[in-house]
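Student: For reference, the file upload-v3.pdb (PDB, C-alpha atoms) is included below:
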```pdb
ATOM      1  CA  MET M   1      11.728 -85.334  -8.669  1.00  0.00           C
ATOM      2  CA  ALA M   2      13.300 -82.194 -10.123  1.00  0.00           C
ATOM      3  CA  SER M   3      17.078 -81.975 -10.414  1.00  0.00           C
ATOM      4  CA  ARG M   4      18.863 -80.579  -7.385  1.00  0.00           C
ATOM      5  CA  LEU M   5      22.352 -79.686  -6.322  1.00  0.00           C
ATOM      6  CA  ASN M   6      23.534 -80.357  -2.783  1.00  0.00           C
ATOM      7  CA  PRO M   7      26.812 -80.837  -0.935  1.00  0.00           C
ATOM      8  CA  TYR M   8      28.291 -84.309  -0.474  1.00  0.00           C
ATOM      9  CA  ILE M   9      30.971 -84.119   2.198  1.00  0.00           C
ATOM     10  CA  GLY M  10      33.715 -86.706   2.670  1.00  0.00           C
ATOM     11  CA  PHE M  11      34.928 -87.494   6.186  1.00  0.00           C
ATOM     12  CA  GLY M  12      37.856 -89.494   7.486  1.00  0.00           C
ATOM     13  CA  GLY M  13      36.021 -91.669  10.005  1.00  0.00           C
ATOM     14  CA  ASN M  14      33.743 -89.219  11.813  1.00  0.00           C
ATOM     15  CA  ALA M  15      30.843 -88.959   9.340  1.00  0.00           C
ATOM     16  CA  ARG M  16      28.308 -90.264  11.877  1.00  0.00           C
ATOM     17  CA  GLU M  17      29.295 -87.613  14.416  1.00  0.00           C
ATOM     18  CA  ALA M  18      29.343 -84.865  11.777  1.00  0.00           C
ATOM     19  CA  MET M  19      26.002 -85.806  10.207  1.00  0.00           C
ATOM     20  CA  GLU M  20      24.364 -86.061  13.647  1.00  0.00           C
ATOM     21  CA  PHE M  21      25.791 -82.615  14.430  1.00  0.00           C
ATOM     22  CA  TYR M  22      24.267 -81.201  11.219  1.00  0.00           C
ATOM     23  CA  LYS M  23      20.929 -82.768  12.222  1.00  0.00           C
ATOM     24  CA  GLU M  24      21.183 -80.896  15.553  1.00  0.00           C
ATOM     25  CA  VAL M  25      21.928 -77.667  13.669  1.00  0.00           C
ATOM     26  CA  PHE M  26      19.290 -77.911  10.921  1.00  0.00           C
ATOM     27  CA  GLY M  27      16.748 -80.459  12.182  1.00  0.00           C
ATOM     28  CA  GLY M  28      15.116 -82.849   9.767  1.00  0.00           C
ATOM     29  CA  THR M  29      15.437 -86.535   8.992  1.00  0.00           C
ATOM     30  CA  LEU M  30      18.814 -88.271   8.949  1.00  0.00           C
ATOM     31  CA  VAL M  31      19.352 -91.656   7.311  1.00  0.00           C
ATOM     32  CA  LEU M  32      22.724 -93.347   7.808  1.00  0.00           C
ATOM     33  CA  SER M  33      23.915 -96.530   6.080  1.00  0.00           C
ATOM     34  CA  THR M  34      27.140 -98.227   7.149  1.00  0.00           C
ATOM     35  CA  PHE M  35      29.655-100.209   5.132  1.00  0.00           C
ATOM     36  CA  GLY M  36      28.559-103.184   7.260  1.00  0.00           C
ATOM     37  CA  ASP M  37      24.946-102.751   6.120  1.00  0.00           C
ATOM     38  CA  PHE M  38      26.060-103.538   2.585  1.00  0.00           C
ATOM     39  CA  GLY M  39      29.035-105.845   3.148  1.00  0.00           C
ATOM     40  CA  ASP M  40      31.097-107.616   5.756  1.00  0.00           C
ATOM     41  CA  LYS M  41      29.556-106.865   9.140  1.00  0.00           C
ATOM     42  CA  GLU M  42      32.822-107.962  10.811  1.00  0.00           C
ATOM     43  CA  ALA M  43      35.125-105.676   8.786  1.00  0.00           C
ATOM     44  CA  SER M  44      37.114-103.033  10.650  1.00  0.00           C
ATOM     45  CA  ASN M  45      35.122-100.265   8.929  1.00  0.00           C
ATOM     46  CA  ALA M  46      31.720-101.953   9.249  1.00  0.00           C
ATOM     47  CA  ASN M  47      30.355 -99.146  11.442  1.00  0.00           C
ATOM     48  CA  ASN M  48      31.695 -96.329   9.258  1.00  0.00           C
ATOM     49  CA  ILE M  49      29.163 -94.436   7.173  1.00  0.00           C
ATOM     50  CA  MET M  50      28.933 -95.504   3.531  1.00  0.00           C
ATOM     51  CA  HIS M  51      26.174 -92.958   2.835  1.00  0.00           C
ATOM     52  CA  GLY M  52      24.424 -90.412   5.013  1.00  0.00           C
ATOM     53  CA  GLN M  53      21.623 -88.112   3.953  1.00  0.00           C
ATOM     54  CA  LEU M  54      19.989 -85.327   5.933  1.00  0.00           C
ATOM     55  CA  GLU M  55      16.732 -83.862   4.597  1.00  0.00           C
ATOM     56  CA  THR M  56      16.033 -80.735   6.623  1.00  0.00           C
ATOM     57  CA  ASP M  57      12.733 -79.099   7.478  1.00  0.00           C
ATOM     58  CA  SER M  58      13.841 -76.048   5.467  1.00  0.00           C
ATOM     59  CA  GLY M  59      14.359 -78.084   2.305  1.00  0.00           C
ATOM     60  CA  TYR M  60      18.145 -78.477   2.475  1.00  0.00           C
ATOM     61  CA  THR M  61      19.823 -81.769   1.678  1.00  0.00           C
ATOM     62  CA  ILE M  62      23.271 -82.577   3.036  1.00  0.00           C
ATOM     63  CA  MET M  63      24.972 -85.851   2.136  1.00  0.00           C
ATOM     64  CA  GLY M  64      28.148 -87.291   3.580  1.00  0.00           C
ATOM     65  CA  ALA M  65      30.196 -90.449   4.028  1.00  0.00           C
ATOM     66  CA  ASP M  66      33.397 -91.783   5.505  1.00  0.00           C
ATOM     67  CA  SER M  67      36.295 -92.545   3.208  1.00  0.00           C
ATOM     68  CA  ALA M  68      36.072 -95.840   1.387  1.00  0.00           C
ATOM     69  CA  PRO M  69      38.481 -98.525   2.624  1.00  0.00           C
ATOM     70  CA  GLY M  70      42.031 -97.806   1.442  1.00  0.00           C
ATOM     71  CA  THR M  71      41.393 -94.138   0.625  1.00  0.00           C
ATOM     72  CA  GLU M  72      42.023 -90.927   2.521  1.00  0.00           C
ATOM     73  CA  SER M  73      39.621 -88.012   2.533  1.00  0.00           C
ATOM     74  CA  LYS M  74      39.285 -84.624   4.161  1.00  0.00           C
ATOM     75  CA  PRO M  75      36.939 -81.744   3.455  1.00  0.00           C
ATOM     76  CA  SER M  76      38.461 -79.634   0.723  1.00  0.00           C
ATOM     77  CA  ASP M  77      39.595 -76.094   1.350  1.00  0.00           C
ATOM     78  CA  ALA M  78      38.299 -75.299  -2.149  1.00  0.00           C
ATOM     79  CA  ILE M  79      34.645 -75.814  -1.252  1.00  0.00           C
ATOM     80  CA  SER M  80      32.299 -74.143   1.202  1.00  0.00           C
ATOM     81  CA  VAL M  81      28.631 -74.712   1.873  1.00  0.00           C
ATOM     82  CA  SER M  82      26.560 -71.546   1.466  1.00  0.00           C
ATOM     83  CA  LEU M  83      23.347 -70.781   3.342  1.00  0.00           C
ATOM     84  CA  SER M  84      21.407 -67.698   2.372  1.00  0.00           C
ATOM     85  CA  GLY M  85      17.957 -66.248   2.704  1.00  0.00           C
ATOM     86  CA  ASP M  86      15.904 -63.677   4.550  1.00  0.00           C
ATOM     87  CA  ASP M  87      14.899 -65.650   7.671  1.00  0.00           C
ATOM     88  CA  ALA M  88      17.420 -63.903   9.913  1.00  0.00           C
ATOM     89  CA  ASP M  89      16.560 -65.788  13.113  1.00  0.00           C
ATOM     90  CA  GLU M  90      16.837 -69.192  11.440  1.00  0.00           C
ATOM     91  CA  LEU M  91      20.129 -68.360   9.721  1.00  0.00           C
ATOM     92  CA  ARG M  92      21.652 -66.787  12.858  1.00  0.00           C
ATOM     93  CA  GLY M  93      20.738 -69.938  14.768  1.00  0.00           C
ATOM     94  CA  TYR M  94      22.501 -72.105  12.183  1.00  0.00           C
ATOM     95  CA  TRP M  95      25.523 -69.792  12.285  1.00  0.00           C
ATOM     96  CA  GLU M  96      25.860 -69.967  16.063  1.00  0.00           C
ATOM     97  CA  LYS M  97      25.774 -73.768  16.073  1.00  0.00           C
ATOM     98  CA  LEU M  98      28.127 -74.168  13.105  1.00  0.00           C
ATOM     99  CA  ALA M  99      30.689 -71.696  14.488  1.00  0.00           C
ATOM    100  CA  GLU M 100      30.690 -73.246  17.980  1.00  0.00           C
ATOM    101  CA  GLY M 101      33.881 -75.255  18.341  1.00  0.00           C
ATOM    102  CA  GLY M 102      35.053 -74.117  14.916  1.00  0.00           C
ATOM    103  CA  THR M 103      36.925 -71.132  13.523  1.00  0.00           C
ATOM    104  CA  VAL M 104      35.290 -67.873  12.450  1.00  0.00           C
ATOM    105  CA  ALA M 105      37.053 -66.274   9.459  1.00  0.00           C
ATOM    106  CA  VAL M 106      34.506 -63.467   8.951  1.00  0.00           C
ATOM    107  CA  PRO M 107      32.114 -62.621  11.804  1.00  0.00           C
ATOM    108  CA  LEU M 108      28.426 -62.659  10.931  1.00  0.00           C
ATOM    109  CA  GLU M 109      27.760 -58.936  10.613  1.00  0.00           C
ATOM    110  CA  LYS M 110      26.499 -56.299   8.186  1.00  0.00           C
ATOM    111  CA  GLN M 111      28.689 -56.018   5.098  1.00  0.00           C
ATOM    112  CA  MET M 112      29.274 -53.250   2.556  1.00  0.00           C
ATOM    113  CA  TRP M 113      26.632 -54.722   0.232  1.00  0.00           C
ATOM    114  CA  GLY M 114      24.008 -54.389   2.957  1.00  0.00           C
ATOM    115  CA  ASP M 115      23.512 -58.033   3.926  1.00  0.00           C
ATOM    116  CA  GLU M 116      24.739 -59.770   7.061  1.00  0.00           C
ATOM    117  CA  PHE M 117      27.433 -62.249   6.077  1.00  0.00           C
ATOM    118  CA  GLY M 118      29.856 -64.530   7.868  1.00  0.00           C
ATOM    119  CA  MET M 119      32.312 -67.316   7.118  1.00  0.00           C
ATOM    120  CA  CYS M 120      33.393 -70.084   9.447  1.00  0.00           C
ATOM    121  CA  THR M 121      34.911 -73.527   9.436  1.00  0.00           C
ATOM    122  CA  ASP M 122      33.020 -75.968  11.647  1.00  0.00           C
ATOM    123  CA  ARG M 123      34.683 -78.390  14.034  1.00  0.00           C
ATOM    124  CA  PHE M 124      34.808 -81.002  11.246  1.00  0.00           C
ATOM    125  CA  GLY M 125      36.816 -78.798   8.873  1.00  0.00           C
ATOM    126  CA  VAL M 126      33.893 -77.892   6.600  1.00  0.00           C
ATOM    127  CA  GLY M 127      33.675 -74.276   5.442  1.00  0.00           C
ATOM    128  CA  TRP M 128      30.329 -72.458   5.732  1.00  0.00           C
ATOM    129  CA  MET M 129      29.152 -69.085   4.416  1.00  0.00           C
ATOM    130  CA  VAL M 130      25.964 -67.570   5.826  1.00  0.00           C
ATOM    131  CA  ASN M 131      24.306 -64.589   4.114  1.00  0.00           C
ATOM    132  CA  ILE M 132      21.209 -62.919   5.565  1.00  0.00           C
ATOM    133  CA  VAL M 133      19.586 -60.812   2.860  1.00  0.00           C
ATOM    134  CA  ALA M 134      18.884 -57.247   3.964  1.00  0.00           C
ATOM    135  CA  ALA M 135      15.262 -56.169   4.109  1.00  0.00           C
ATOM    136  CA  GLN M 136      14.329 -54.234   0.978  1.00  0.00           C
ATOM    137  CA  GLN M 137      13.504 -50.588   1.522  1.00  0.00           C
ATOM    138  CA  GLY M 138      10.565 -49.488  -0.498  1.00  0.00           C
TER     139      GLY M 138
END
```
Kindly transcribe the structure held in the file into C-alpha coordinates.
Tutor:
Amino acid sequence: MASRLNPYIGFGGNAREAMEFYKEVFGGTLVLSTFGDFGDKEASNANNIMHGQLETDSGYTIMGADSAPGTESKPSDAISVSLSGDDADELRGYWEKLAEGGTVAVPLEKQMWGDEFGMCTDRFGVGWMVNIVAAQQG
(Lines of atoms letter the chains of each structure in order from A and count residues from 1; the text may use other names and numbers.)
(Lines give C-alpha, C1' and ligand atoms only; values in the text may rest on other atoms or scores of the structure.)
Protein backbone atom coordinates (compact mmCIF):
# COMPACT_ATOMS: atom_id res chain seq x y z
CA MET A 1 0.00 0.00 0.00
CA ALA A 2 1.21 3.51 -0.80
CA SER A 3 1.49 6.06 2.01
CA ARG A 4 -1.63 8.08 2.69
CA LEU A 5 -2.75 10.89 4.91
CA ASN A 6 -6.23 10.90 6.43
CA PRO A 7 -8.03 12.46 9.38
CA TYR A 8 -8.22 10.64 12.72
CA ILE A 9 -10.89 12.31 14.82
CA GLY A 10 -11.16 11.97 18.60
CA PHE A 11 -14.60 11.91 20.21
CA GLY A 12 -15.74 12.10 23.81
CA GLY A 13 -18.08 9.11 23.85
CA ASN A 14 -20.08 9.49 20.64
CA ALA A 15 -17.64 8.03 18.09
CA ARG A 16 -20.07 5.29 17.04
CA GLU A 17 -22.81 7.82 16.29
CA ALA A 18 -20.39 10.15 14.49
CA MET A 19 -18.76 7.42 12.39
CA GLU A 20 -22.17 6.00 11.43
CA PHE A 21 -23.21 9.53 10.45
CA TYR A 22 -20.12 9.87 8.22
CA LYS A 23 -21.01 6.51 6.63
CA GLU A 24 -24.47 7.93 5.83
CA VAL A 25 -22.84 11.02 4.31
CA PHE A 26 -20.09 9.35 2.27
CA GLY A 27 -21.15 5.70 1.92
CA GLY A 28 -18.57 2.96 2.02
CA THR A 29 -17.51 0.34 4.52
CA LEU A 30 -17.33 1.09 8.24
CA VAL A 31 -15.43 -1.12 10.68
CA LEU A 32 -15.79 -0.36 14.39
CA SER A 33 -13.82 -2.00 17.22
CA THR A 34 -14.75 -1.37 20.85
CA PHE A 35 -12.58 -1.23 23.94
CA GLY A 36 -14.48 -4.36 25.04
CA ASP A 37 -13.38 -6.21 21.89
CA PHE A 38 -9.79 -5.92 23.08
CA GLY A 39 -10.17 -5.89 26.86
CA ASP A 40 -12.63 -6.14 29.71
CA LYS A 41 -16.07 -6.72 28.20
CA GLU A 42 -17.64 -5.63 31.52
CA ALA A 43 -15.79 -2.29 31.80
CA SER A 44 -17.85 0.90 31.80
CA ASN A 45 -16.35 1.91 28.44
CA ALA A 46 -16.55 -1.54 26.85
CA ASN A 47 -18.95 -0.34 24.14
CA ASN A 48 -16.99 2.82 23.33
CA ILE A 49 -15.06 2.84 20.07
CA MET A 50 -11.35 2.08 20.38
CA HIS A 51 -10.86 2.39 16.60
CA GLY A 52 -13.23 3.15 13.76
CA GLN A 53 -12.35 3.26 10.09
CA LEU A 54 -14.54 4.30 7.18
CA GLU A 55 -13.33 3.49 3.65
CA THR A 56 -15.59 5.37 1.26
CA ASP A 57 -16.58 4.54 -2.29
CA SER A 58 -14.80 7.72 -3.42
CA GLY A 59 -11.49 6.65 -1.91
CA TYR A 60 -11.62 8.69 1.30
CA THR A 61 -10.57 7.22 4.62
CA ILE A 62 -11.86 8.66 7.89
CA MET A 63 -10.71 7.22 11.21
CA GLY A 64 -12.03 7.99 14.66
CA ALA A 65 -12.23 6.78 18.24
CA ASP A 66 -13.59 7.65 21.65
CA SER A 67 -11.24 9.00 24.28
CA ALA A 68 -9.17 6.40 26.06
CA PRO A 69 -10.19 5.74 29.67
CA GLY A 70 -9.06 8.58 31.94
CA THR A 71 -8.53 11.09 29.12
CA GLU A 72 -10.67 13.87 27.71
CA SER A 73 -10.91 14.65 24.02
CA LYS A 74 -12.79 16.98 21.74
CA PRO A 75 -12.31 17.81 18.08
CA SER A 76 -9.75 20.56 17.82
CA ASP A 77 -10.64 23.99 16.54
CA ALA A 78 -7.22 24.01 14.86
CA ILE A 79 -8.08 21.27 12.36
CA SER A 80 -10.66 20.97 9.61
CA VAL A 81 -11.29 18.20 7.13
CA SER A 82 -11.14 19.40 3.52
CA LEU A 83 -13.07 17.88 0.63
CA SER A 84 -12.34 19.13 -2.85
CA GLY A 85 -12.79 18.09 -6.43
CA ASP A 86 -14.84 18.71 -9.54
CA ASP A 87 -17.80 16.36 -8.95
CA ALA A 88 -20.16 19.16 -7.95
CA ASP A 89 -23.21 16.97 -7.30
CA GLU A 90 -21.28 14.59 -5.05
CA LEU A 91 -19.62 17.39 -3.07
CA ARG A 92 -22.87 19.38 -2.71
CA GLY A 93 -24.53 16.24 -1.37
CA TYR A 94 -21.79 15.80 1.23
CA TRP A 95 -22.06 19.48 2.16
CA GLU A 96 -25.81 19.33 2.72
CA LYS A 97 -25.53 16.32 5.01
CA LEU A 98 -22.54 17.65 6.96
CA ALA A 99 -24.10 21.09 7.49
CA GLU A 100 -27.46 19.68 8.63
CA GLY A 101 -27.66 20.08 12.39
CA GLY A 102 -24.33 21.90 12.43
CA THR A 103 -23.17 25.48 11.97
CA VAL A 104 -22.35 27.06 8.61
CA ALA A 105 -19.49 29.58 8.85
CA VAL A 106 -19.20 30.21 5.08
CA PRO A 107 -22.12 29.21 2.83
CA LEU A 108 -21.25 26.93 -0.07
CA GLU A 109 -21.22 29.44 -2.92
CA LYS A 110 -19.01 30.85 -5.67
CA GLN A 111 -15.95 32.62 -4.28
CA MET A 112 -13.62 35.29 -5.67
CA TRP A 113 -11.20 32.63 -6.94
CA GLY A 114 -13.95 31.10 -9.06
CA ASP A 115 -14.63 27.89 -7.14
CA GLU A 116 -17.62 27.11 -4.94
CA PHE A 117 -16.45 26.92 -1.34
CA GLY A 118 -18.05 26.55 2.06
CA MET A 119 -17.08 25.95 5.67
CA CYS A 120 -19.19 24.33 8.35
CA THR A 121 -18.91 22.59 11.68
CA ASP A 122 -20.93 19.38 11.83
CA ARG A 123 -23.12 18.39 14.75
CA PHE A 124 -20.14 16.60 16.33
CA GLY A 125 -17.94 19.71 16.42
CA VAL A 126 -15.75 18.72 13.46
CA GLY A 127 -14.88 21.48 10.98
CA TRP A 128 -15.31 20.79 7.25
CA MET A 129 -14.26 22.76 4.17
CA VAL A 130 -15.79 21.87 0.80
CA ASN A 131 -14.31 23.26 -2.43
CA ILE A 132 -15.90 22.55 -5.82
CA VAL A 133 -13.36 23.34 -8.53
CA ALA A 134 -14.74 25.61 -11.24
CA ALA A 135 -14.97 24.19 -14.73
CA GLN A 136 -12.00 25.30 -16.82
CA GLN A 137 -12.83 27.59 -19.71
CA GLY A 138 -10.90 26.74 -22.79
Student: For the atom pair atom CA of Leu54 of chain M and atom CA of Glu42 of chain M, what is the interatomic distance in Å to one decimal place?
Tutor: 26.5 Å
Student: Translate the PyMOL selection byres ((chain M and resi 80) around 6) into a concrete residue list for this structure, as a ChimeraX atom specification.
Tutor: /M:79,81,127-128
Student: What is the distance between atom CA of Pro107 of chain M and atom CA of Cys120 of chain M, in Å to one decimal?
Tutor: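 Atom CA of Cys120 of chain M lies 7.9 Å from atom CA of Pro107 of chain M.
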Student: Under the PyMOL selection byres ((chain M and resi 104) around 10), which residues of this model are included? Write them out as an mmCIF file with C-alpha atoms, in the coordinates of the input.
Tutor:
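Below is the file that was written, part27.cif:
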```
data_model
loop_
_atom_site.group_PDB
_atom_site.id
_atom_site.type_symbol
_atom_site.label_atom_id
_atom_site.label_comp_id
_atom_site.auth_asym_id
_atom_site.auth_seq_id
_atom_site.Cartn_x
_atom_site.Cartn_y
_atom_site.Cartn_z
ATOM 1 C CA TRP M 95 25.523 -69.792 12.285
ATOM 2 C CA LEU M 98 28.127 -74.168 13.105
ATOM 3 C CA ALA M 99 30.689 -71.696 14.488
ATOM 4 C CA GLU M 100 30.690 -73.246 17.980
ATOM 5 C CA GLY M 101 33.881 -75.255 18.341
ATOM 6 C CA GLY M 102 35.053 -74.117 14.916
ATOM 7 C CA THR M 103 36.925 -71.132 13.523
ATOM 8 C CA ALA M 105 37.053 -66.274 9.459
ATOM 9 C CA VAL M 106 34.506 -63.467 8.951
ATOM 10 C CA PRO M 107 32.114 -62.621 11.804
ATOM 11 C CA LEU M 108 28.426 -62.659 10.931
ATOM 12 C CA GLY M 118 29.856 -64.530 7.868
ATOM 13 C CA MET M 119 32.312 -67.316 7.118
ATOM 14 C CA CYS M 120 33.393 -70.084 9.447
ATOM 15 C CA THR M 121 34.911 -73.527 9.436
ATOM 16 C CA ASP M 122 33.020 -75.968 11.647
ATOM 17 C CA GLY M 127 33.675 -74.276 5.442
ATOM 18 C CA TRP M 128 30.329 -72.458 5.732
#
```
Student: Decode the PyMOL selection byres ((chain M and resi 130) around 6) for the given file into explicit residues and return them as a PyMOL selection string.
Tutor: chain M and resi 82-84+117-118+129+131
Student: Mind running segment 9-51 of chain M against segment 56-60 of chain M at 7 Å and telling me each contacting residue's nearest atom pair with the distance in Å (one decimal), counting only C-alpha atoms, chain and number ascending, as JSON lines?
Tutor:
```
{"residue": "M:Phe26", "atom": "CA", "partner": "M:Thr56", "partner_atom": "CA", "distance": 6.1}
{"residue": "M:Gly27", "atom": "CA", "partner": "M:Thr56", "partner_atom": "CA", "distance": 5.6}
{"residue": "M:Gly28", "atom": "CA", "partner": "M:Thr56", "partner_atom": "CA", "distance": 3.9}
{"residue": "M:Thr29", "atom": "CA", "partner": "M:Thr56", "partner_atom": "CA", "distance": 6.3}
```
Student: Give the answer as one residue: which of M:Asp40, M:Glu90, M:Phe124, M:Gly70 has the shortest atom-to-atom distance to Arg16 of chain M, using all atoms listed in the file?
Tutor: M:Phe124
Student: Atom CA of Ala15 of chain M to atom CA of Met63 of chain M: how many Å, to one decimal?
Tutor: 9.8 Å
Student: Could you tell me which of M:Lys110, M:Ala134, M:Ser33, M:Ile9 comes closest to Gly85 of chain M if we count all atoms listed in the file?
Tutor: M:Ala134
Student: Taking into account all atoms listed in the file, which residue in the set M:Ser67, M:Thr61, M:Gln53, M:Asn14 is nearest to Arg123 of chain M?
Tutor: M:Asn14
Student: Please report, as AutoDock Vina command-line options, the centre and edge lengths in Å to one decimal of an axis-aligned box covering all listed atoms of segment 99-103 of chain M with 3 Å per side.
Tutor:
```
--center_x 33.8 --center_y -73.2 --center_z 15.9 --size_x 12.2 --size_y 10.1 --size_z 10.8
```
Student: Considering only C-alpha atoms, can you say which of M:Asn6, M:Lys23, M:Tyr94, M:Val133 comes closest to Trp113 of chain M?
Tutor: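 Result for the nearest residue to Trp113 of chain M: M:Val133.
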Student: When you count all atoms listed in the file, which of these residues is closest to Glu17 of chain M: M:Glu55, M:Asp37, M:Glu109, M:Asp66?
Tutor: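 Checking each of M:Glu55, M:Asp37, M:Glu109, M:Asp66 against Glu17 of chain M, counting all atoms listed in the file, the winner is M:Asp66.
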Student: List the residues sitting within 8 Å of (31.5, -98.7, 12.5) in the file's frame, using all atoms listed in the file, as a PyMOL selection string.
Tutor: chain M and resi 34-36+44-49
Student: Just write the chosen residues, C-alpha atoms, as an mmCIF file, in the coordinates of the input.
Tutor:
```
data_model
loop_
_atom_site.group_PDB
_atom_site.id
_atom_site.type_symbol
_atom_site.label_atom_id
_atom_site.label_comp_id
_atom_site.auth_asym_id
_atom_site.auth_seq_id
_atom_site.Cartn_x
_atom_site.Cartn_y
_atom_site.Cartn_z
ATOM 1 C CA THR M 34 27.140 -98.227 7.149
ATOM 2 C CA PHE M 35 29.655 -100.209 5.132
ATOM 3 C CA GLY M 36 28.559 -103.184 7.260
ATOM 4 C CA SER M 44 37.114 -103.033 10.650
ATOM 5 C CA ASN M 45 35.122 -100.265 8.929
ATOM 6 C CA ALA M 46 31.720 -101.953 9.249
ATOM 7 C CA ASN M 47 30.355 -99.146 11.442
ATOM 8 C CA ASN M 48 31.695 -96.329 9.258
ATOM 9 C CA ILE M 49 29.163 -94.436 7.173
#
```
Student: When you write segment 95-110 of chain M out from the block above, keep N, CA, C and O atoms and present the result as a short mmCIF file (atom, residue, chain, number, x, y, z; two decimals), in the first residue's frame, please.
Tutor:
```cif
data_model
loop_
_atom_site.label_atom_id
_atom_site.label_comp_id
_atom_site.auth_asym_id
_atom_site.auth_seq_id
_atom_site.Cartn_x
_atom_site.Cartn_y
_atom_site.Cartn_z
N TRP M 95 -21.91 18.21 1.45
CA TRP M 95 -22.06 19.48 2.16
C TRP M 95 -23.42 19.55 2.87
O TRP M 95 -23.49 19.90 4.05
N GLU M 96 -24.47 19.24 2.15
CA GLU M 96 -25.81 19.33 2.72
C GLU M 96 -25.95 18.45 3.95
O GLU M 96 -26.51 18.86 4.96
N LYS M 97 -25.43 17.25 3.89
CA LYS M 97 -25.53 16.32 5.01
C LYS M 97 -24.66 16.76 6.18
O LYS M 97 -25.06 16.65 7.34
N LEU M 98 -23.44 17.22 5.89
CA LEU M 98 -22.54 17.65 6.96
C LEU M 98 -23.04 18.90 7.66
O LEU M 98 -22.92 19.03 8.89
N ALA M 99 -23.63 19.83 6.91
CA ALA M 99 -24.10 21.09 7.49
C ALA M 99 -25.39 20.92 8.28
O ALA M 99 -25.66 21.69 9.21
N GLU M 100 -26.18 19.89 7.95
CA GLU M 100 -27.46 19.68 8.63
C GLU M 100 -27.22 19.41 10.11
O GLU M 100 -26.48 18.52 10.49
N GLY M 101 -27.82 20.23 10.95
CA GLY M 101 -27.66 20.08 12.39
C GLY M 101 -26.37 20.70 12.92
O GLY M 101 -26.10 20.65 14.11
N GLY M 102 -25.58 21.27 12.03
CA GLY M 102 -24.33 21.90 12.43
C GLY M 102 -24.41 23.41 12.27
O GLY M 102 -25.50 23.99 12.28
N THR M 103 -23.25 24.03 12.11
CA THR M 103 -23.17 25.48 11.97
C THR M 103 -22.41 25.82 10.70
O THR M 103 -21.29 25.33 10.49
N VAL M 104 -23.00 26.63 9.85
CA VAL M 104 -22.35 27.06 8.61
C VAL M 104 -21.61 28.37 8.89
O VAL M 104 -22.23 29.36 9.28
N ALA M 105 -20.30 28.38 8.68
CA ALA M 105 -19.49 29.58 8.85
C ALA M 105 -19.40 30.35 7.54
O ALA M 105 -19.46 31.58 7.53
N VAL M 106 -19.26 29.61 6.42
CA VAL M 106 -19.20 30.21 5.08
C VAL M 106 -20.14 29.39 4.20
O VAL M 106 -19.89 28.20 4.00
N PRO M 107 -21.20 29.97 3.69
CA PRO M 107 -22.12 29.21 2.83
C PRO M 107 -21.39 28.68 1.59
O PRO M 107 -20.46 29.31 1.10
N LEU M 108 -21.82 27.52 1.14
CA LEU M 108 -21.25 26.93 -0.07
C LEU M 108 -21.75 27.74 -1.27
O LEU M 108 -22.91 27.62 -1.68
N GLU M 109 -20.88 28.59 -1.79
CA GLU M 109 -21.22 29.44 -2.92
C GLU M 109 -19.95 29.86 -3.66
O GLU M 109 -18.84 29.68 -3.15
N LYS M 110 -20.15 30.43 -4.85
CA LYS M 110 -19.01 30.85 -5.67
C LYS M 110 -18.19 31.91 -4.93
O LYS M 110 -18.74 32.85 -4.36
#
```
